[in-house]
Amino acid sequence: MGGRHGSKRKALKNVNSVGLEGSQDMNALSSGDGNGAKVAKKQRGQKSTTGSGRRAAQNHDFDESKMHSCDEFGGKMKVVVEKECKNELQALAETGGVEGKEVRRIHDFCIVDAKGHAEPLESLEFMQKRKKKMMLSGVVYPEKGVMEKAVGRRVAKPFGPVTGYKVVLSEGERAIVVCTGRAEYRVVKAAAVYKKWFENLDGQAAIAHQVYHAVKTIGMETVRFDHVIAHLARCKVTKDFSSPREGLLINGSFVLDQLKMVDERIASCGFYAELKEEVSRYMYKGRFASEDSTGIII
């Protein structure tokens with residue numbers, strides 16, 4: 001009994017497979033394509049299609065002959081990393097020599113205290129008053145040229161101490177420069193772990209840069225407070241604040257100092273006096289603050 005049932009199932013399976021192939025042949029021939037017979041023949045003898053869904057839908061086979069193996073490249077991938085230097089002096093020497101006060105660029109930078117804990121650069125004056133040092137770490141690059149890892153020099157340990165910092169403004173760009181006793185380092189990019197410590201100062205520098213750009217573009221004699229507010233609204237550097245006006249006034253003291261440092265003539269223009277007056281009268285209420293009938297901010 002078992003033998004007869006087994007042979008019947010086998011025969012039924014063969015009939016179904018033949019019927020399926022026949023239906024595929026008929027679909028290919030009825031497509032109206034002159035190559036229908038060839039398509040039908042390919043469908044009967046094709047292997048399972050592999051690759052992306054698009055390739056499968058287009059009935060394309062994956063051609064393994066076009067693949068490249070690691071053996072073709074010697075079995076190795078060359079990874080370029082920055083050369084490590086023992087100290088700041090060696091890094092300066094290998095990125096352009098040491099002649100007086102050097103200027104370099106620094107990438108992947110971080111500011112730390114003596115114990116290696118990250119510190120905001122703005123706290124430098126406070127730390128100096130407490131007789132505590134702040135150190136600099138990162139990859140040192142030449143002042144100019146392409147920033148390729150082959151020319152970068154990563155200093156093995158934090159170096160310094162940091163003696164000061166400044167914001168450099170021009171009509172085309174802005175930069176934050178960190179100073180040590182041996183060199184000035186133009187910040188290119190903060191390390192990933194230091195971004196949250198650096199974003200406040202970087203945001204202040206962005207606002208100061210756009211204010212300076214507006215003053216130079218409109219003209220010192222004609223620029224007014226409302227003109228600068230309108231410019232800040234367009235360039236969106238104050239998007240983290242409730243309004244461009246709030247963003248400017250909260251950072252107003254910083255902006256006033258930077259404008260005066262970059263060009264002392266700005267301190268005598270009408271806009272500078274307006275901004276100074278607005279900053280002196282401004283009281284930050286916050287996004288969700290309200291004022292009750294007594295005038296107390298809650």
# chains A, B, ... in the order shown; residues from 1 in each chain; ligands from 1
$ closest_atom_pairs --of "segment 151-223 of chain A" --to "segment 255-278 of chain A" --cutoff "7 Å" --atoms "only C-alpha atoms" --output "tab-separated table"
residue	atom	partner	partner_atom	distance
A:Leu169	CA	A:Val262	CA	6.7
A:Ala208	CA	A:Val255	CA	5.0
A:Tyr212	CA	A:Leu259	CA	6.7
A:Met220	CA	A:Cys269	CA	5.9
A:Glu221	CA	A:Cys269	CA	6.2
A:Val223	CA	A:Phe271	CA	6.1
$ write_last_selection --atoms "C-alpha atoms" --output "compact mmCIF listing (two decimals), in the first residue's frame"
# COMPACT_ATOMS: atom_id res chain seq x y z
CA LEU A 169 36.16 87.79 12.92
CA ALA A 208 29.14 87.93 16.76
CA TYR A 212 29.95 92.13 12.36
CA MET A 220 28.82 101.84 10.30
CA GLU A 221 27.13 105.21 9.78
CA VAL A 223 23.35 100.47 10.44
$ select_by_dssp --residues "segment 64-296 of chain A" --states "strand (DSSP E)" --output "VMD selection string"
chain A and resid 83 to 85 102 to 113 134 to 141 153 to 155 162 to 169 174 to 180 183 to 190
$ residues_around --residues "segment 104-112 of chain A" --least-positions-apart "5" --cutoff "8 Å" --atoms "only C-alpha atoms" --output "list in words"
His117, Ala118, Glu119, Pro120, Leu121, Met134, Met135, Leu136, Ser137, Gly138, Val139, Val140, Tyr141, Pro142, Glu143, Pro158, Ala183, Glu184, Tyr185, Arg186, Val187, Val188, Lys189, Ala190, Ala191, Ala192 and Tyr194 of chain A
$ select_by_dssp --residues "segment 66-294 of chain A" --states "alpha helix (DSSP H)" --output "VMD selection string"
chain A and resid 88 to 93 124 to 129 195 to 218 225 to 235 244 to 250 252 to 262 270 to 281
$ residues_around --residues "His209 of chain A" --least-positions-apart "2" --cutoff "8 Å" --atoms "only C-alpha atoms" --output "list in words"
Leu169, Ser170, Glu171, Glu173, Arg174, Ala205, Ala206, Ile207, Val211, Tyr212 and His213 of chain A
$ write_last_selection --atoms "C-alpha atoms" --output "PDB file, in the first residue's frame"
ATOM      1  CA  LEU A 169      36.155  87.792  12.915  1.00  0.00           C
ATOM      2  CA  SER A 170      36.254  88.761   9.267  1.00  0.00           C
ATOM      3  CA  GLU A 171      33.557  89.341   6.670  1.00  0.00           C
ATOM      4  CA  GLU A 173      34.661  83.648   8.180  1.00  0.00           C
ATOM      5  CA  ARG A 174      35.109  83.315  11.915  1.00  0.00           C
ATOM      6  CA  ALA A 205      31.081  83.377  17.930  1.00  0.00           C
ATOM      7  CA  ALA A 206      28.542  82.678  15.159  1.00  0.00           C
ATOM      8  CA  ILE A 207      26.255  85.473  16.394  1.00  0.00           C
ATOM      9  CA  VAL A 211      26.536  91.033  13.609  1.00  0.00           C
ATOM     10  CA  TYR A 212      29.954  92.129  12.362  1.00  0.00           C
ATOM     11  CA  HIS A 213      29.018  91.089   8.830  1.00  0.00           C
TER      12      HIS A 213
END
$ residues_around --residues "segment 242-249 of chain A" --least-positions-apart "3" --cutoff "9 Å" --atoms "only C-alpha atoms" --output "PyMOL selection string"
chain A and resi 207-208+211+229-233+236-239+252-253+255+275+278-279+282+284+286-287
$ closest_residue --among "A:Lys144, A:Arg281, A:Arg234, A:Arg224" --to "Ile250 of chain A" --atoms "only C-alpha atoms"
A:Arg281
